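Participant: The structure under discussion is supplied below as C-alpha cells; questions concerning it will follow.
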Amino acid sequence: MSSEQTLQSLTHATEETEFFTPTPSGYKPGQTKYVVVFGTVMSGLGKGIFSSSLAKIMQDKGLTVAPIKLEGYLNRDSGTLNPYRHGEVFVLDDGMECDMDLGTYERMLNQDLGRLNFTTSGQIFSSVLDKERAGRYLGRDVQMIPHVTGEVKLRLRELAVATEADVVFVEIGGTVGDVENAYFIEAVREMAFEEGPANFCFVALTYIVEPQILGEQKSKPAQLNLKLLNAAGIHPNIIACRASSPVTRKVREKIALFANVPMERVFSMHDSDSVYVIPEMLRGAGIDATVVELLGLAGRINPDTEESARKTWADYITHFRSAEHPVTIGIIGKYTSVRDSYASIIQSLEHAGAYWGAKVRLEWIDSSDLTEANVAERLKDIHGVIVPGGFGFRGVDGKIECIRYVREHGIPYLGLCYGMQIAVIEFARNVCGLADASSTEIEPDCPTPVIDLLPEQKKIEGLGGNMRLGGFDVALNPDSEIASLCDGSDHLRMRFRHRYEVNPHYIEEIEQNGLVFSGRSPNHPIMQVLELPKSSHPFFMATQAHPELTGRPLRPQPMFVGFVQAALRQSGISDDALEPWVIENNHSRQVPGETATNAQ
Ligand code: GLN
C-alpha cells in the first residue's frame, strides 16, 4: 500500500477499525517531510536552539520550513505562566502567547510565526473534549490512543497544509520519560508509520556529563535515556550530544554502539559564545547533509540560496565577535535573577550591539533596592537604562526614582511596556506637578490615574488570553526620533501585551509639559511611543509595545538601534568611530507593517 492509500484508509473512526487519523483537506502525503526533536537526560539543553538551528540550515537551502513546539502542560497558552519559572512569555503577531523558544525560531528563521506553530496539551484536550460533546467520535469511547494522538497528528498535518512546508520541525517539550509528553511521542511514532520512513526523521538531543571529579566525559546517562526512547518505539536517526566541550570520538562511538545509530550520525553540539553560531556548527558537522539524504530532499534544494544565506549569517557572527566598544546597559526589574525572563531583550541588545560594533555588557539592578539616596551611585557606570515589562506594584518606587534620575541627567532611557507607563507616572509627578499621579494597576483608587485600564479591559473577567495582544501597526509622528530611526517611515509594527494604557484624559497636559507621544494607534487614542525631544534629552524613548519581540539578528529593532547608539555616545564614543553594519540583503532595519493579522 502507498503511504497515500494507508493514510486514506485510516482517516475515519468507525466501530470496525481501531485506526483514527483525521487529516485536513488538501493534505498531500510525502509533500511535507517531518523532523522530530526529542530531549533526553534533562531539560534546559537548548532543544529549541538546536531545532531552530537545524531548521535554519535547511531553510538556507531554499526549503520552506515550519516549526511547531508541542508543550506538555495543560495551560492553553503560556500567558498565565510565571516568567520566573518558565522564562519570558513570547507573543506572536496573531496574539498567541507562547513559550520563549518560539522567539528563538523567529530570530533564527527571520520568519513570523503564528498559533499553528504552538500547541499545548491544554489545546489538544480541549479540542478533543469539544469534539466529544459535538458527537464527532461516532459512538466510540474516547481514548488517549487513537483520539488524543489523532488530534496531535491532525495539528502537525494542518501546519503542513497551511504553510506548504517542505519540512515541518516538531519540537517535543520536556524530556523523554515525562508523563506529560508521552502521548506526543506516541503520536509521532504512529505518524511516522503512516507517512513512511522517507518522510520522517527522528533526532534525539542528549547530554554528555563531565563530572569535575573525573575530568572526563561519561556517556552512561545518555545511553540509559536513549533506551527510554527505544522503549517508546522510536529509533532515532540522528543523535546530537550536548556537552560543555566537544564530545570525544570515544564517547560518540559508545553512543553509536549502544543506541544502534551509525557513528557518522552521532554529532557533538558543545557550548558556544552565541546561539547564532550553532547553525554553522551543525552544518560543519554535516547534520544538514544527513537530513537531506534521509528525507530525500536533494531535488528540492538550491545551492545558490545557501551560499548567500551563509555569507550573511557569517557576517553577523563576525560583527558580533569583533564588536569592540564596551557599553554597559542597566536592566531594572523584578525578575533580575532569571535571565530567561528577559531573553528577547538580551537578544535585541546583542543584535543592535553587532550592528554598531558595541560589546554590550548587562548590569541587572533589582528595583526594590533603588532609592533616591542610592540611585546615583547605582547608575554611576551605566550608559543606558532599560525598564522592561512587568505587572503589579512591587519595586515601582525604585523604577520611578531611576527614571527620574536618567531623565534629569541625560542618561539614555528605553522603556518597554510597563517601562513606558512608569515613565509617564514619573513625568506626571515630577514635571507636570501631579503629585498623586499613578496607575490603577498600582493603586486602584488613585486620584490621578494617568495610567488606567484600556476601555475594553474594564468588562473582562478572568486572566487568561484576554490582554490587548499581538501585532498592531503604530502610526509615527513625521518629525519624531522614532520615525527617523525607522528611516522616515510613517508606521512601525510591534507586538503588544497589556491591559493598561496612558489615560487619554491626561494626554494634553502631559504633552504641554514637553513629553511627546510620537507613536499612536491609527484608530484609537492609545499612546504607543513616547519620547523627549532631542533638544531636552539625548535619548529618552518608551513604548507600550514589546519591541524586543521583533528584533532579529538580520533586522535589529530600530528602538534598540537608537538606544545602543545613544549609550555608546554616553560612554564617550563619538559617532565618527562607529561603522554600522550594512546588511547586504537590505533588511538591516525592521520593515514596518509587514502583515496585518490583528484588527485595530
Ligand atoms: N502591567 C502593564 C499592563 O498590563 C504592563 C504590561 C507589560 O509590561 N507587559 O498594561
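Scheme for the C-alpha cells: letters A, B, ... for chains in order shown; per-chain residue numbers from 1; ligand numbers from 1 in order shown.
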Hey, which residues sit close to ligand 1? Say within 6 Å, counting only C-alpha atoms and all ligand atoms, and write them as a PyMOL selection string.
Facilitator: chain A and resi 389-391+417-418+497-500
Participant: Print the selection's residues with C-alpha atoms to a file, as a PDB file, in the first residue's frame.
Facilitator:
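Saved to out-v5.pdb:
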ATOM      1  CA  GLY A 389       7.691  44.984  31.019  1.00  0.00           C
ATOM      2  CA  GLY A 390       6.131  43.978  34.302  1.00  0.00           C
ATOM      3  CA  PHE A 391       2.971  43.577  36.333  1.00  0.00           C
ATOM      4  CA  CYS A 417       5.572  48.430  28.028  1.00  0.00           C
ATOM      5  CA  TYR A 418       5.436  48.841  31.801  1.00  0.00           C
ATOM      6  CA  ARG A 497       0.640  42.543  25.666  1.00  0.00           C
ATOM      7  CA  HIS A 498      -1.029  44.908  28.083  1.00  0.00           C
ATOM      8  CA  ARG A 499      -4.201  45.812  29.951  1.00  0.00           C
ATOM      9  CA  TYR A 500      -3.417  49.390  30.890  1.00  0.00           C
TER      10      TYR A 500
END
Participant: I'd like the contact shell of Arg552 in chain A - 9 Å cut-off, only C-alpha atoms, skipping same-chain residues fewer than 2 positions apart - returned as an MDAnalysis selection string.
Facilitator: chainID A and resid 106:108 110 347:348 351 548:550 554:557 590
Participant: Write a file of the just-selected residues containing N, CA and C atoms, as a PDB file, in the first residue's frame.
Facilitator:
ATOM      1  N   GLU A 106      11.754  32.440  15.554  1.00  0.00           N
ATOM      2  CA  GLU A 106      11.532  33.636  14.723  1.00  0.00           C
ATOM      3  C   GLU A 106      12.855  34.339  14.414  1.00  0.00           C
ATOM      4  N   ARG A 107      13.739  34.388  15.415  1.00  0.00           N
ATOM      5  CA  ARG A 107      15.009  35.089  15.190  1.00  0.00           C
ATOM      6  C   ARG A 107      15.911  34.294  14.252  1.00  0.00           C
ATOM      7  N   MET A 108      15.976  32.986  14.448  1.00  0.00           N
ATOM      8  CA  MET A 108      16.841  32.164  13.595  1.00  0.00           C
ATOM      9  C   MET A 108      16.336  32.151  12.159  1.00  0.00           C
ATOM     10  N   ASN A 110      14.147  34.244  10.809  1.00  0.00           N
ATOM     11  CA  ASN A 110      13.724  35.553  10.321  1.00  0.00           C
ATOM     12  C   ASN A 110      12.331  35.444   9.702  1.00  0.00           C
ATOM     13  N   GLN A 347      18.672  39.440  23.607  1.00  0.00           N
ATOM     14  CA  GLN A 347      18.923  39.195  22.191  1.00  0.00           C
ATOM     15  C   GLN A 347      18.894  40.494  21.397  1.00  0.00           C
ATOM     16  N   SER A 348      17.882  41.320  21.659  1.00  0.00           N
ATOM     17  CA  SER A 348      17.761  42.559  20.873  1.00  0.00           C
ATOM     18  C   SER A 348      18.954  43.478  21.108  1.00  0.00           C
ATOM     19  N   HIS A 351      21.750  42.073  18.999  1.00  0.00           N
ATOM     20  CA  HIS A 351      21.625  42.416  17.570  1.00  0.00           C
ATOM     21  C   HIS A 351      22.052  43.868  17.320  1.00  0.00           C
ATOM     22  N   GLU A 548      11.242  44.346  21.796  1.00  0.00           N
ATOM     23  CA  GLU A 548      12.251  43.290  21.869  1.00  0.00           C
ATOM     24  C   GLU A 548      11.782  42.008  21.169  1.00  0.00           C
ATOM     25  N   LEU A 549      10.465  41.861  20.985  1.00  0.00           N
ATOM     26  CA  LEU A 549       9.965  40.613  20.406  1.00  0.00           C
ATOM     27  C   LEU A 549      10.134  40.576  18.886  1.00  0.00           C
ATOM     28  N   THR A 550      10.406  41.725  18.285  1.00  0.00           N
ATOM     29  CA  THR A 550      10.550  41.709  16.830  1.00  0.00           C
ATOM     30  C   THR A 550      11.975  42.030  16.373  1.00  0.00           C
ATOM     31  N   LEU A 554      19.333  39.795  11.679  1.00  0.00           N
ATOM     32  CA  LEU A 554      19.487  40.437  10.380  1.00  0.00           C
ATOM     33  C   LEU A 554      18.553  41.643  10.237  1.00  0.00           C
ATOM     34  N   ARG A 555      17.881  42.004  11.320  1.00  0.00           N
ATOM     35  CA  ARG A 555      16.941  43.120  11.247  1.00  0.00           C
ATOM     36  C   ARG A 555      16.790  43.699  12.656  1.00  0.00           C
ATOM     37  N   PRO A 556      17.881  44.315  13.169  1.00  0.00           N
ATOM     38  CA  PRO A 556      17.806  44.823  14.538  1.00  0.00           C
ATOM     39  C   PRO A 556      16.646  45.791  14.697  1.00  0.00           C
ATOM     40  N   GLN A 557      16.002  45.747  15.841  1.00  0.00           N
ATOM     41  CA  GLN A 557      14.803  46.561  16.039  1.00  0.00           C
ATOM     42  C   GLN A 557      15.222  48.035  16.185  1.00  0.00           C
ATOM     43  N   GLN A 590      13.950  47.022  10.745  1.00  0.00           N
ATOM     44  CA  GLN A 590      12.646  46.348  10.703  1.00  0.00           C
ATOM     45  C   GLN A 590      11.797  46.941   9.591  1.00  0.00           C
TER      46      GLN A 590
END
Participant: Got a sec to tell me which of range 81-285 of chain A DSSP assigns to alpha helix (DSSP H), as an MDAnalysis selection string?
Facilitator: chainID A and resid 83:86 101:109 121:133 149:163 182:195 220:231 249:259 278:285
Participant: Can you tell me how far CA of His524 in chain A sits from CA of Val502 in chain A, in Å to one decimal?
Facilitator: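 Taking CA of His524 in chain A and CA of Val502 in chain A, their separation equals 11.9 Å.
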Participant: For a quick check of understanding, using only C-alpha atoms, which of A:Lys220, A:Arg133, A:His505, A:Lys534 has the smallest distance to Ile208 in chain A?
Facilitator: A:Lys220
Participant: Counting only C-alpha atoms, which residue out of A:Val142, A:Leu294, A:Leu81, A:Ala309 sits closest to Gln59 in chain A?
Facilitator: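 Result for the nearest residue to Gln59 in chain A: A:Ala309.
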Participant: Of the candidates A:Tyr506, A:Phe427, A:Phe50, A:Phe563, which shows the shortest atom-to-atom distance to Leu485 in chain A, using only C-alpha atoms?
Facilitator: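 Looking at the shortest contact to Leu485 in chain A, the residue is A:Phe563.
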Participant: Pick out the closest residue to Val277 in chain A from this set: A:Gln143, A:Asn199, A:Thr371, A:Thr318. Count only C-alpha atoms.
Facilitator: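 So, comparing all the options, the nearest one is A:Thr318.
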Participant: As a count of residues only, list the residues of range 476-569 of chain A assigned to strand (DSSP E or B) by DSSP on the backbone atoms of this structure.
Facilitator: 28
Participant: Determine, counting only C-alpha atoms, which protein, DNA and RNA residues have an atom within 9 Å of an atom of range 90-101 of chain A; residues of the same chain fewer than 5 positions away are not included. Present the result as a PyMOL selection string.
Facilitator: chain A and resi 47-49+52+69+71+77-80+106+112-115+118-119+340-341+343-344+465+468-472+494-497+546+549+595-598
Participant: Any chance you can output those residues with N, CA, C and O atoms as a short mmCIF file (atom, residue, chain, number, x, y, z; two decimals), in the first residue's frame?
Facilitator:
data_model
loop_
_atom_site.label_atom_id
_atom_site.label_comp_id
_atom_site.auth_asym_id
_atom_site.auth_seq_id
_atom_site.Cartn_x
_atom_site.Cartn_y
_atom_site.Cartn_z
N LYS A 47 17.09 22.70 23.50
CA LYS A 47 16.42 21.94 22.44
C LYS A 47 15.87 22.88 21.37
O LYS A 47 15.97 22.62 20.17
N GLY A 48 15.31 24.02 21.83
CA GLY A 48 14.76 24.99 20.89
C GLY A 48 15.86 25.60 20.03
O GLY A 48 15.67 25.82 18.83
N ILE A 49 16.99 25.86 20.65
CA ILE A 49 18.12 26.45 19.89
C ILE A 49 18.60 25.44 18.85
O ILE A 49 18.86 25.77 17.70
N SER A 52 15.86 25.02 16.11
CA SER A 52 15.75 26.18 15.22
C SER A 52 17.00 26.31 14.35
O SER A 52 16.92 26.74 13.21
N LYS A 69 6.13 23.75 18.26
CA LYS A 69 6.52 23.25 19.57
C LYS A 69 5.31 22.62 20.24
O LYS A 69 4.23 23.23 20.29
N GLU A 71 3.90 21.49 23.70
CA GLU A 71 4.14 21.66 25.14
C GLU A 71 3.24 20.72 25.92
O GLU A 71 2.04 20.66 25.66
N ASP A 77 -2.19 28.29 26.77
CA ASP A 77 -1.07 29.04 26.18
C ASP A 77 -0.12 29.36 27.33
O ASP A 77 -0.35 28.95 28.46
N SER A 78 0.93 30.14 27.03
CA SER A 78 1.91 30.42 28.08
C SER A 78 1.59 31.70 28.84
O SER A 78 2.36 32.12 29.71
N GLY A 79 0.47 32.33 28.49
CA GLY A 79 0.16 33.66 29.02
C GLY A 79 0.03 33.72 30.52
O GLY A 79 0.32 34.74 31.13
N THR A 80 -0.41 32.62 31.14
CA THR A 80 -0.61 32.68 32.59
C THR A 80 0.60 32.13 33.35
O THR A 80 0.53 31.96 34.56
N GLU A 106 11.75 32.44 15.55
CA GLU A 106 11.53 33.64 14.72
C GLU A 106 12.86 34.34 14.41
O GLU A 106 13.07 34.81 13.31
N ASP A 112 7.96 35.29 10.66
CA ASP A 112 6.89 35.47 11.65
C ASP A 112 6.12 34.16 11.81
O ASP A 112 5.76 33.54 10.81
N LEU A 113 5.85 33.79 13.03
CA LEU A 113 5.09 32.56 13.28
C LEU A 113 3.72 32.91 13.84
O LEU A 113 3.46 34.07 14.17
N GLY A 114 2.86 31.90 13.98
CA GLY A 114 1.51 32.14 14.49
C GLY A 114 1.03 30.96 15.32
O GLY A 114 1.81 30.05 15.63
N ARG A 115 -0.27 30.98 15.64
CA ARG A 115 -0.76 29.98 16.59
C ARG A 115 -0.62 28.55 16.12
O ARG A 115 -0.55 27.63 16.93
N PHE A 118 2.36 26.50 17.63
CA PHE A 118 2.50 26.25 19.07
C PHE A 118 1.27 25.51 19.59
O PHE A 118 0.14 25.96 19.41
N THR A 119 1.50 24.36 20.20
CA THR A 119 0.38 23.57 20.72
C THR A 119 0.70 23.10 22.13
O THR A 119 1.83 22.70 22.40
N ASP A 340 16.29 34.18 31.69
CA ASP A 340 15.33 33.71 30.69
C ASP A 340 14.10 34.62 30.63
O ASP A 340 13.43 34.70 29.62
N SER A 341 13.80 35.29 31.77
CA SER A 341 12.61 36.15 31.72
C SER A 341 12.84 37.38 30.85
O SER A 341 11.90 38.09 30.52
N ALA A 343 14.87 37.14 27.94
CA ALA A 343 15.65 36.59 26.81
C ALA A 343 15.63 37.49 25.58
O ALA A 343 16.67 37.76 24.98
N SER A 344 14.45 37.98 25.20
CA SER A 344 14.37 38.76 23.95
C SER A 344 15.05 40.11 24.08
O SER A 344 15.58 40.64 23.10
N GLY A 465 -5.42 34.92 28.39
CA GLY A 465 -5.53 35.24 26.97
C GLY A 465 -6.38 36.44 26.64
O GLY A 465 -6.87 36.54 25.51
N ARG A 468 -4.64 43.04 25.65
CA ARG A 468 -4.54 43.50 24.27
C ARG A 468 -3.26 42.86 23.73
O ARG A 468 -2.16 43.18 24.15
N LEU A 469 -3.45 41.91 22.81
CA LEU A 469 -2.36 41.01 22.45
C LEU A 469 -2.05 41.02 20.97
O LEU A 469 -2.96 41.09 20.14
N GLY A 470 -0.77 40.90 20.65
CA GLY A 470 -0.37 40.64 19.27
C GLY A 470 0.18 41.85 18.55
O GLY A 470 0.45 42.90 19.15
N GLY A 471 0.36 41.69 17.24
CA GLY A 471 0.97 42.75 16.43
C GLY A 471 -0.05 43.80 16.03
O GLY A 471 -1.17 43.47 15.62
N PHE A 472 0.33 45.06 16.18
CA PHE A 472 -0.50 46.17 15.73
C PHE A 472 0.42 47.21 15.07
O PHE A 472 1.57 47.37 15.47
N MET A 494 4.54 46.58 15.82
CA MET A 494 5.16 46.00 17.02
C MET A 494 4.16 45.07 17.70
O MET A 494 2.99 45.06 17.36
N ARG A 495 4.65 44.32 18.68
CA ARG A 495 3.78 43.37 19.39
C ARG A 495 3.42 43.89 20.78
O ARG A 495 4.27 44.46 21.46
N PHE A 496 2.20 43.61 21.17
CA PHE A 496 1.67 44.18 22.41
C PHE A 496 1.17 43.09 23.36
O PHE A 496 0.75 42.01 22.93
N ARG A 497 1.20 43.44 24.64
CA ARG A 497 0.64 42.54 25.67
C ARG A 497 0.38 43.38 26.91
O ARG A 497 1.23 43.51 27.78
N HIS A 546 6.19 45.70 22.97
CA HIS A 546 7.38 44.94 23.34
C HIS A 546 8.27 44.87 22.10
O HIS A 546 8.28 43.85 21.41
N LEU A 549 10.47 41.86 20.99
CA LEU A 549 9.97 40.61 20.41
C LEU A 549 10.13 40.58 18.89
O LEU A 549 9.99 39.52 18.27
N THR A 595 2.68 42.24 8.01
CA THR A 595 1.42 41.54 7.81
C THR A 595 0.44 42.05 8.84
O THR A 595 0.77 42.19 10.00
N ALA A 596 -0.74 42.34 8.42
CA ALA A 596 -1.72 42.84 9.38
C ALA A 596 -2.71 41.73 9.70
O ALA A 596 -3.66 41.49 8.97
N THR A 597 -2.45 40.99 10.77
CA THR A 597 -3.36 39.89 11.10
C THR A 597 -4.32 40.29 12.22
O THR A 597 -5.28 39.61 12.48
N ASN A 598 -4.04 41.40 12.88
CA ASN A 598 -4.87 41.81 14.00
C ASN A 598 -5.70 43.02 13.62
O ASN A 598 -5.16 43.98 13.08
#
Participant: So that I can check the surroundings of Ile425 in chain A, please list as a list in words every protein, DNA and RNA residue that reaches within 7 Å of it, counting only C-alpha atoms and ignoring chain neighbours fewer than 3 positions away.
Facilitator: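 My list of contacting residues is Gln421, Ile422, Ala428, Arg429, Ala437, Ser438 and Val450 of chain A.
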Participant: The selected residues should be written to file as a PDB file, in the first residue's frame (atoms: N, CA, C and O atoms).
Facilitator:
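Generated output (out10.pdb):
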ATOM      1  N   GLN A 421       4.756  53.047  30.912  1.00  0.00           N
ATOM      2  CA  GLN A 421       3.736  53.521  31.851  1.00  0.00           C
ATOM      3  C   GLN A 421       4.386  54.206  33.052  1.00  0.00           C
ATOM      4  O   GLN A 421       3.932  55.254  33.523  1.00  0.00           O
ATOM      5  N   ILE A 422       5.488  53.634  33.518  1.00  0.00           N
ATOM      6  CA  ILE A 422       6.133  54.212  34.698  1.00  0.00           C
ATOM      7  C   ILE A 422       6.817  55.530  34.336  1.00  0.00           C
ATOM      8  O   ILE A 422       6.848  56.471  35.128  1.00  0.00           O
ATOM      9  N   ALA A 428       4.554  62.799  35.031  1.00  0.00           N
ATOM     10  CA  ALA A 428       3.368  63.487  35.551  1.00  0.00           C
ATOM     11  C   ALA A 428       3.643  64.016  36.963  1.00  0.00           C
ATOM     12  O   ALA A 428       3.301  65.148  37.304  1.00  0.00           O
ATOM     13  N   ARG A 429       4.293  63.188  37.767  1.00  0.00           N
ATOM     14  CA  ARG A 429       4.564  63.621  39.149  1.00  0.00           C
ATOM     15  C   ARG A 429       5.591  64.743  39.205  1.00  0.00           C
ATOM     16  O   ARG A 429       5.381  65.760  39.854  1.00  0.00           O
ATOM     17  N   ALA A 437      -0.076  61.300  40.854  1.00  0.00           N
ATOM     18  CA  ALA A 437      -0.206  60.508  39.623  1.00  0.00           C
ATOM     19  C   ALA A 437       0.250  59.074  39.854  1.00  0.00           C
ATOM     20  O   ALA A 437       1.252  58.824  40.522  1.00  0.00           O
ATOM     21  N   SER A 438      -0.530  58.132  39.310  1.00  0.00           N
ATOM     22  CA  SER A 438      -0.154  56.723  39.431  1.00  0.00           C
ATOM     23  C   SER A 438      -0.930  55.935  38.381  1.00  0.00           C
ATOM     24  O   SER A 438      -1.575  56.506  37.491  1.00  0.00           O
ATOM     25  N   VAL A 450      -3.046  58.510  35.755  1.00  0.00           N
ATOM     26  CA  VAL A 450      -2.508  58.817  34.416  1.00  0.00           C
ATOM     27  C   VAL A 450      -2.384  57.547  33.570  1.00  0.00           C
ATOM     28  O   VAL A 450      -2.331  57.600  32.344  1.00  0.00           O
TER      29      VAL A 450
END
Participant: So which residues touch Thr290 in chain A within 10 Å, counting only C-alpha atoms, skipping near sequence neighbours fewer than 4 positions away, as a ChimeraX atom specification?
Facilitator: /A:201,237-238,264-265,283,285-286,294-296
Participant: Tell me which protein, DNA and RNA residues are within 7 Å of range 146-149 of chain A, counting only C-alpha atoms, leaving out same-chain ones fewer than 3 positions away, and put them as a list of chain:residue names.
Facilitator: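 Using only C-alpha atoms, the neighbours found are A:Phe19, A:Phe20, A:Val128, A:Val142, A:Gln143, A:Val152, A:Lys153, A:Tyr183, A:Phe184, A:Glu186, A:Ala187.
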Participant: Taking 6 positions as the minimum chain separation for residues in the same chain, which residues sit within 12 Å of Gly284 in chain A when counting only C-alpha atoms? Answer as a PyMOL selection string.
Facilitator: chain A and resi 54+57+267-269+277-278+290+310
Participant: Record the distance separating CA of Val327 in chain A and CA of Leu416 in chain A, expressed in Å with one decimal.
Facilitator: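 Computed distance, CA of Val327 in chain A to CA of Leu416 in chain A, equals 19.7 Å.
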Participant: Determine the nearest neighbour of Val41 in chain A from the options A:Arg321, A:Gln111, A:Ala204, A:Pro221, counting only C-alpha atoms.
Facilitator: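 Under the stated criterion, the closest residue is A:Pro221.
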Participant: Between CA of Arg155 in chain A and CA of Thr21 in chain A, what is the spacing in Å?
Facilitator: 10.9 Å
